[in-house]
Amino acid sequence: MKQLKLTSSLLLATLLFACTGQRSASTTFDKNASTERAISDLLSKMTLDEKIGQMTLFTTDWGSTGPTIRPGYEGDIRQGRCGALFNSHTAAFTRKLQKIAVEESRLKIPLLFGYDVIHGYKTIFPMPLGEAASWDLQAIEKAAEVAAAEASAAGLHWTFAPMCDVSRDPRWGRVMEGAGEDTYLGSEIARARVRGFQGKSFENADRVLACVKHYAGYGAPIAGRDYNVVDMTERTLREVYLPPYKAAVEEGAWTVMTSFNEIDGTPATANSWLLEDVLRGEWKFKGMVVSDYTSVNEMVNHGNVANEKEAGEAALNAGLDMDMQGAVFQNHLAKSVQEGKVKMVQIDEAVRRILRLKHQLGLFENPYKYCDEERERRVVLSQANQDAARDVARKSVVLLKNDNVLPLSKNLGSVAVIGPLADDKDQMIGAWSGAGEGQHCVTLLQGVRDKLGSSGKATVHYAKGCELTGDSRNGFADAIAAAKRSDVVIIAIGEHKDWSGEAACRADITVPAIQEELVRQILTAGKPVVVVLMNGRPLVIPWLSENSPALVEAWYLGTQAGNALADVLFGDYNPSGKLPITFPRHQG
């Protein structure tokens, strides 16, 4: 298979229409009279500080996706100065914090718990770009459904997904978190993931709020450098980048996250055209808008405001409802009200949107409904979830080239499994892997051994060969020896999982030289060779694409990576994945 480029848009659309099938009903936005009366009654009892508290989202010390600005979150909960927390999970821990909110604070308003459940909570599915390669909307929806079931069982109400950013620059680290370069495909996947996360209702406490991010245009930073300037015409923005966000909103997503970048000179976090004119005006969005991590603070660095107080005023006046982690609203908003820089009616409307979410989740009726430790034990990492992860993983594998090597026979006398990624559990889950742990992962080596174990005939030889980087060839001899005494060779190479994700951009997206040299040496053994790529982005692989007898794109497939790959390599599952993004021929 010499042509690695994305199929034409017309063919993409045709295939998707064939695969989409009937959509399930999205979550309805409950804005009934009794709920609104209850919210109005509660608002009338709240002090300004308590209202601002509901508009404040802090991280706990359980985990962090950035610098922890403010310790002492338990005191904030008691004082009503914090209405939501993230990086707080497990049923026991969230129950402990929820108890402080509903039993020790003045107004007893329950907390909202969020977490980055991007492609799984504990059971990890393929990274989102890998899922997109499946072109299977039902499978992608199922992955989000399982992620929501596990996350909600662990006390969570809210995930910061789906990422709806169209991206066409593989140097950008977060390309792994989206659906690739095609606007239509990205839109349909956005809908599927919202359906999976939110379901039809929250009655059974087995679904979570979806959050559409990063609104807007975050996937188009100049030169692929994270947090860099985004510069485009409104036509390009509307035709290419906005549709997936709009699709997720139309599907019923309850929350939207603003992006770090600016649009036409104004940071998205304080961009009234984006938040009021387009999102709430044109698209009729009724939910809540949250900033990205300290993006309100970072407006000072954009140069649009003189200080954080002005940043908070600009953000609220533009339509932002909740400040993530930066404490800007908490530190400055009360003074801004006193000075008339923001209006109380704006604060009340923001708080109303937040309280409406908590009512919709049923937290006022039962604040502990998501804190069920027995359900957590039963649901998290269940066999059914593992089966689903294996199914989605094998659907995400893309066969890039095959010169009559695959599928491999299960009657082989011996197989060599080689490479720095052949037996590294921690690498299988990729970036943004929630609470996933390598100890639960199946590696390629284990998957091959398990696949051939039933025959009792094949011998599996393993050699690491080399590290992911560096220039040590100390392992080459063992790898070549393993190849020479085997009937066929499977070699797993690629990127470290931390080379993609947030703030993980790469100027050089080739396979590290030491790994390519290992493949060259293995090919001299004269055996059939299957090269398995594990990576978080498209790579520049001209030599590999020309010289590998068989070439398989495996992304980071998650908890069941090894079993899924073995299913594909040995012919139990026909590889059906297609690239959702172009593999460039050259870095230029």
# chains A, B, ... in the order shown; residues from 1 in each chain; ligands from 1

$ select_by_dssp --residues "stretch 153-371 of chain A" --states "strand (DSSP E or B)" --output "count of residues only"
23

$ residues_around --residues "stretch 170-184 of chain A" --least-positions-apart "6" --cutoff "7 Å" --atoms "only C-alpha atoms" --output "compact mmCIF listing (two decimals) with C-alpha atoms, in the first residue's frame"
# COMPACT_ATOMS: atom_id res chain seq x y z
CA ALA A 13 -18.89 11.46 3.33
CA MET A 127 -6.39 7.36 21.60
CA PRO A 128 -9.09 9.46 19.88
CA LEU A 129 -7.21 9.78 16.59
CA ALA A 132 -11.31 7.96 14.38
CA MET A 163 -12.10 17.47 21.72
CA CYS A 164 -13.61 18.76 18.49
CA GLY A 224 1.94 23.30 15.00
CA ARG A 225 3.21 24.87 18.22
CA ASP A 226 0.81 24.44 21.11
CA VAL A 240 -13.48 23.95 8.38
CA TYR A 241 -13.14 24.46 12.12
CA PRO A 243 -18.74 22.57 12.32
CA PRO A 244 -17.56 19.83 14.76
CA SER A 500 2.24 13.67 22.02
CA GLY A 501 -0.49 15.36 24.04
CA GLU A 502 -0.65 18.88 25.46
CA ALA A 503 2.57 20.91 25.14
CA ALA A 504 4.17 17.93 23.37
CA CYS A 505 4.79 19.26 19.89
CA ARG A 506 7.63 17.94 17.76
CA ALA A 507 9.58 19.68 15.02
CA ILE A 509 8.25 13.76 13.30
CA GLY A 536 0.42 9.63 18.69
CA ARG A 537 0.54 11.43 15.36
CA PRO A 538 1.22 10.84 11.67
CA PRO A 580 -8.34 10.07 9.22
CA ILE A 581 -5.30 12.31 8.70

$ closest_residue --among "A:Lys497, A:His302, A:Lys343, A:His214" --to "A:Gly430" --atoms "only C-alpha atoms"
A:Lys497

$ residues_around --residues "stretch 262-266 of chain A" --least-positions-apart "3" --cutoff "10 Å" --atoms "only C-alpha atoms" --output "list in words"
Ala216, Gly217, Tyr218, Pro221, Tyr227, Asn228, Val229, Val230, Asp231, Met232, Thr233, Glu234, Leu237, Ser259, Thr269, Ala270, Asn271, Ser272, Trp273, Leu274, Met299, His302, Gly303 and Asn304 of chain A

$ atom_distance --atom1 "atom CA of A:Asp387" --atom2 "atom CA of A:Ala139"
11.9 Å

$ residues_around --residues "A:Asp206" --least-positions-apart "5" --cutoff "10 Å" --atoms "only C-alpha atoms" --output "PyMOL selection string"
chain A and resi 145-153+156-157+197-199+201+369-370+375+379

$ write_last_selection --atoms "N, CA, C and O atoms" --output "mmCIF file, in the first residue's frame"
data_model
loop_
_atom_site.group_PDB
_atom_site.id
_atom_site.type_symbol
_atom_site.label_atom_id
_atom_site.label_comp_id
_atom_site.auth_asym_id
_atom_site.auth_seq_id
_atom_site.Cartn_x
_atom_site.Cartn_y
_atom_site.Cartn_z
ATOM 1 N N GLU A 145 -19.372 5.545 25.928
ATOM 2 C CA GLU A 145 -20.349 5.016 26.886
ATOM 3 C C GLU A 145 -19.658 4.247 28.010
ATOM 4 O O GLU A 145 -19.984 4.417 29.189
ATOM 5 N N VAL A 146 -18.703 3.396 27.661
ATOM 6 C CA VAL A 146 -17.961 2.646 28.677
ATOM 7 C C VAL A 146 -17.152 3.595 29.548
ATOM 8 O O VAL A 146 -17.105 3.443 30.782
ATOM 9 N N ALA A 147 -16.514 4.583 28.924
ATOM 10 C CA ALA A 147 -15.745 5.569 29.690
ATOM 11 C C ALA A 147 -16.648 6.293 30.681
ATOM 12 O O ALA A 147 -16.266 6.517 31.845
ATOM 13 N N ALA A 148 -17.850 6.657 30.244
ATOM 14 C CA ALA A 148 -18.792 7.341 31.123
ATOM 15 C C ALA A 148 -19.257 6.442 32.257
ATOM 16 O O ALA A 148 -19.396 6.883 33.408
ATOM 17 N N ALA A 149 -19.500 5.172 31.952
ATOM 18 C CA ALA A 149 -19.948 4.232 32.991
ATOM 19 C C ALA A 149 -18.890 4.080 34.076
ATOM 20 O O ALA A 149 -19.206 4.100 35.276
ATOM 21 N N GLU A 150 -17.634 3.942 33.671
ATOM 22 C CA GLU A 150 -16.568 3.795 34.661
ATOM 23 C C GLU A 150 -16.334 5.097 35.421
ATOM 24 O O GLU A 150 -16.172 5.079 36.658
ATOM 25 N N ALA A 151 -16.317 6.215 34.717
ATOM 26 C CA ALA A 151 -16.068 7.502 35.365
ATOM 27 C C ALA A 151 -17.163 7.839 36.360
ATOM 28 O O ALA A 151 -16.893 8.280 37.489
ATOM 29 N N SER A 152 -18.410 7.634 35.964
ATOM 30 C CA SER A 152 -19.525 7.935 36.866
ATOM 31 C C SER A 152 -19.533 7.001 38.067
ATOM 32 O O SER A 152 -19.906 7.399 39.172
ATOM 33 N N ALA A 153 -19.112 5.758 37.876
ATOM 34 C CA ALA A 153 -19.011 4.827 38.993
ATOM 35 C C ALA A 153 -17.920 5.251 39.965
ATOM 36 O O ALA A 153 -17.954 4.878 41.150
ATOM 37 N N LEU A 156 -17.525 10.633 39.319
ATOM 38 C CA LEU A 156 -17.392 11.781 38.425
ATOM 39 C C LEU A 156 -18.717 12.117 37.741
ATOM 40 O O LEU A 156 -19.523 11.237 37.451
ATOM 41 N N HIS A 157 -18.899 13.431 37.483
ATOM 42 C CA HIS A 157 -20.114 13.910 36.831
ATOM 43 C C HIS A 157 -19.857 14.480 35.446
ATOM 44 O O HIS A 157 -20.794 14.691 34.678
ATOM 45 N N PHE A 197 -21.148 9.709 25.935
ATOM 46 C CA PHE A 197 -20.897 10.242 27.270
ATOM 47 C C PHE A 197 -22.195 10.542 28.019
ATOM 48 O O PHE A 197 -22.332 10.225 29.192
ATOM 49 N N GLN A 198 -23.165 11.173 27.346
ATOM 50 C CA GLN A 198 -24.342 11.678 28.039
ATOM 51 C C GLN A 198 -25.546 10.751 27.985
ATOM 52 O O GLN A 198 -26.411 10.820 28.877
ATOM 53 N N GLY A 199 -25.650 9.906 26.970
ATOM 54 C CA GLY A 199 -26.818 9.050 26.874
ATOM 55 C C GLY A 199 -28.100 9.851 26.738
ATOM 56 O O GLY A 199 -28.106 10.996 26.288
ATOM 57 N N SER A 201 -30.319 10.198 29.465
ATOM 58 C CA SER A 201 -30.629 10.841 30.747
ATOM 59 C C SER A 201 -29.529 10.487 31.742
ATOM 60 O O SER A 201 -28.686 9.620 31.490
ATOM 61 N N LYS A 369 -25.319 10.134 44.732
ATOM 62 C CA LYS A 369 -25.771 9.109 43.794
ATOM 63 C C LYS A 369 -24.639 8.594 42.908
ATOM 64 O O LYS A 369 -24.726 7.491 42.370
ATOM 65 N N TYR A 370 -23.580 9.370 42.746
ATOM 66 C CA TYR A 370 -22.431 8.929 41.952
ATOM 67 C C TYR A 370 -21.303 8.368 42.833
ATOM 68 O O TYR A 370 -20.219 8.116 42.329
ATOM 69 N N ARG A 375 -20.814 -0.249 43.093
ATOM 70 C CA ARG A 375 -20.915 -0.127 41.636
ATOM 71 C C ARG A 375 -19.549 0.123 41.025
ATOM 72 O O ARG A 375 -19.224 -0.408 39.951
ATOM 73 N N VAL A 379 -18.108 -2.209 38.049
ATOM 74 C CA VAL A 379 -18.063 -1.662 36.704
ATOM 75 C C VAL A 379 -16.644 -1.439 36.200
ATOM 76 O O VAL A 379 -16.322 -1.789 35.061
#

$ residues_around --residues "stretch 558-560 of chain A" --least-positions-apart "3" --cutoff "9 Å" --atoms "only C-alpha atoms" --output "PyMOL selection string"
chain A and resi 119-120+122-127+386-387+389-391+393+425+427-430+433+436-438+440-443+447+563-565

$ atom_distance --atom1 "atom CA of A:Ala248" --atom2 "atom CA of A:Ala190"
5.3 Å

$ residues_around --residues "A:Lys451" --least-positions-apart "5" --cutoff "10 Å" --atoms "only C-alpha atoms" --output "list in words"
Lys410, Leu445, Gln446, Gly562, Asn563, Ala566, Asp567, Phe570 and Asp572 of chain A

$ write_last_selection --atoms "all heavy atoms" --output "tab-separated table (two decimals), in the first residue's frame"
chain	number	residue	atom	x	y	z
A	410	LYS	N	-1.04	-19.29	12.41
A	410	LYS	CA	-0.90	-19.72	13.81
A	410	LYS	C	-0.11	-21.01	13.92
A	410	LYS	O	0.19	-21.47	15.04
A	410	LYS	CB	-2.29	-19.91	14.44
A	410	LYS	CG	-3.10	-18.62	14.52
A	410	LYS	CD	-4.50	-18.90	15.04
A	410	LYS	CE	-5.37	-17.67	14.90
A	410	LYS	NZ	-6.78	-17.94	15.23
A	445	LEU	N	3.82	-8.35	22.89
A	445	LEU	CA	4.46	-9.63	23.18
A	445	LEU	C	3.50	-10.58	23.88
A	445	LEU	O	3.37	-11.75	23.50
A	445	LEU	CB	5.71	-9.41	24.05
A	445	LEU	CG	6.43	-10.66	24.52
A	445	LEU	CD1	6.96	-11.47	23.34
A	445	LEU	CD2	7.56	-10.30	25.49
A	446	GLN	N	2.79	-10.07	24.88
A	446	GLN	CA	1.84	-10.92	25.60
A	446	GLN	C	0.69	-11.35	24.70
A	446	GLN	O	0.23	-12.50	24.75
A	446	GLN	CB	1.29	-10.20	26.83
A	446	GLN	CG	0.45	-11.08	27.74
A	446	GLN	CD	1.23	-12.25	28.29
A	446	GLN	OE1	2.31	-12.07	28.87
A	446	GLN	NE2	0.71	-13.46	28.11
A	562	GLY	N	-2.34	-5.37	23.00
A	562	GLY	CA	-1.67	-6.58	22.53
A	562	GLY	C	-2.63	-7.62	21.98
A	562	GLY	O	-2.36	-8.24	20.94
A	563	ASN	N	-3.75	-7.80	22.65
A	563	ASN	CA	-4.74	-8.77	22.16
A	563	ASN	C	-5.34	-8.33	20.83
A	563	ASN	O	-5.55	-9.14	19.92
A	563	ASN	CB	-5.84	-8.97	23.20
A	563	ASN	CG	-5.37	-9.79	24.39
A	563	ASN	OD1	-4.48	-10.62	24.28
A	563	ASN	ND2	-5.97	-9.53	25.55
A	566	ALA	N	-2.79	-8.82	18.06
A	566	ALA	CA	-2.65	-10.24	17.73
A	566	ALA	C	-3.85	-10.72	16.91
A	566	ALA	O	-3.69	-11.52	15.97
A	566	ALA	CB	-2.51	-11.06	19.01
A	567	ASP	N	-5.04	-10.24	17.24
A	567	ASP	CA	-6.23	-10.61	16.46
A	567	ASP	C	-6.05	-10.21	14.99
A	567	ASP	O	-6.42	-10.96	14.08
A	567	ASP	CB	-7.47	-9.90	17.02
A	567	ASP	CG	-7.94	-10.48	18.35
A	567	ASP	OD1	-7.53	-11.61	18.68
A	567	ASP	OD2	-8.71	-9.79	19.04
A	570	PHE	N	-2.78	-12.12	13.14
A	570	PHE	CA	-2.96	-13.55	12.88
A	570	PHE	C	-4.29	-13.87	12.21
A	570	PHE	O	-4.72	-15.03	12.17
A	570	PHE	CB	-2.79	-14.34	14.18
A	570	PHE	CG	-1.36	-14.39	14.65
A	570	PHE	CD1	-0.88	-13.44	15.52
A	570	PHE	CD2	-0.49	-15.37	14.19
A	570	PHE	CE1	0.45	-13.46	15.95
A	570	PHE	CE2	0.83	-15.41	14.60
A	570	PHE	CZ	1.31	-14.44	15.48
A	572	ASP	N	-7.52	-13.18	12.76
A	572	ASP	CA	-8.82	-13.34	13.40
A	572	ASP	C	-9.71	-12.12	13.21
A	572	ASP	O	-10.92	-12.19	13.44
A	572	ASP	CB	-8.65	-13.63	14.90
A	572	ASP	CG	-8.06	-15.01	15.15
A	572	ASP	OD1	-8.32	-15.92	14.35
A	572	ASP	OD2	-7.32	-15.17	16.14

$ closest_residue --among "A:Glu131, A:Asp116, A:Asp426, A:Glu349" --to "A:Lys51" --atoms "only C-alpha atoms"
A:Glu349

$ residues_around --residues "A:Phe285" --least-positions-apart "6" --cutoff "10 Å" --atoms "only C-alpha atoms" --output "list in words"
Lys246, Val249, Glu250, Gly252, Ala253, Trp254, Thr255, Val256, Leu275, Glu276, Val278 and Leu279 of chain A

$ closest_residue --among "A:Asp423, A:Glu373, A:Asp450, A:Glu495" --to "A:Gly155" --atoms "only C-alpha atoms"
A:Glu373

$ closest_residue --among "A:Ser167, A:Thr60, A:Thr94, A:Thr35" --to "A:Leu361" --atoms "only C-alpha atoms"
A:Thr35

$ atom_distance --atom1 "atom CA of A:Gly72" --atom2 "atom CA of A:Ser291"
21.3 Å

$ select_by_dssp --residues "stretch 327-442 of chain A" --states "alpha helix (DSSP H)" --output "number ranges by chain"
A: 328-338, 344-361, 373-379, 383-395
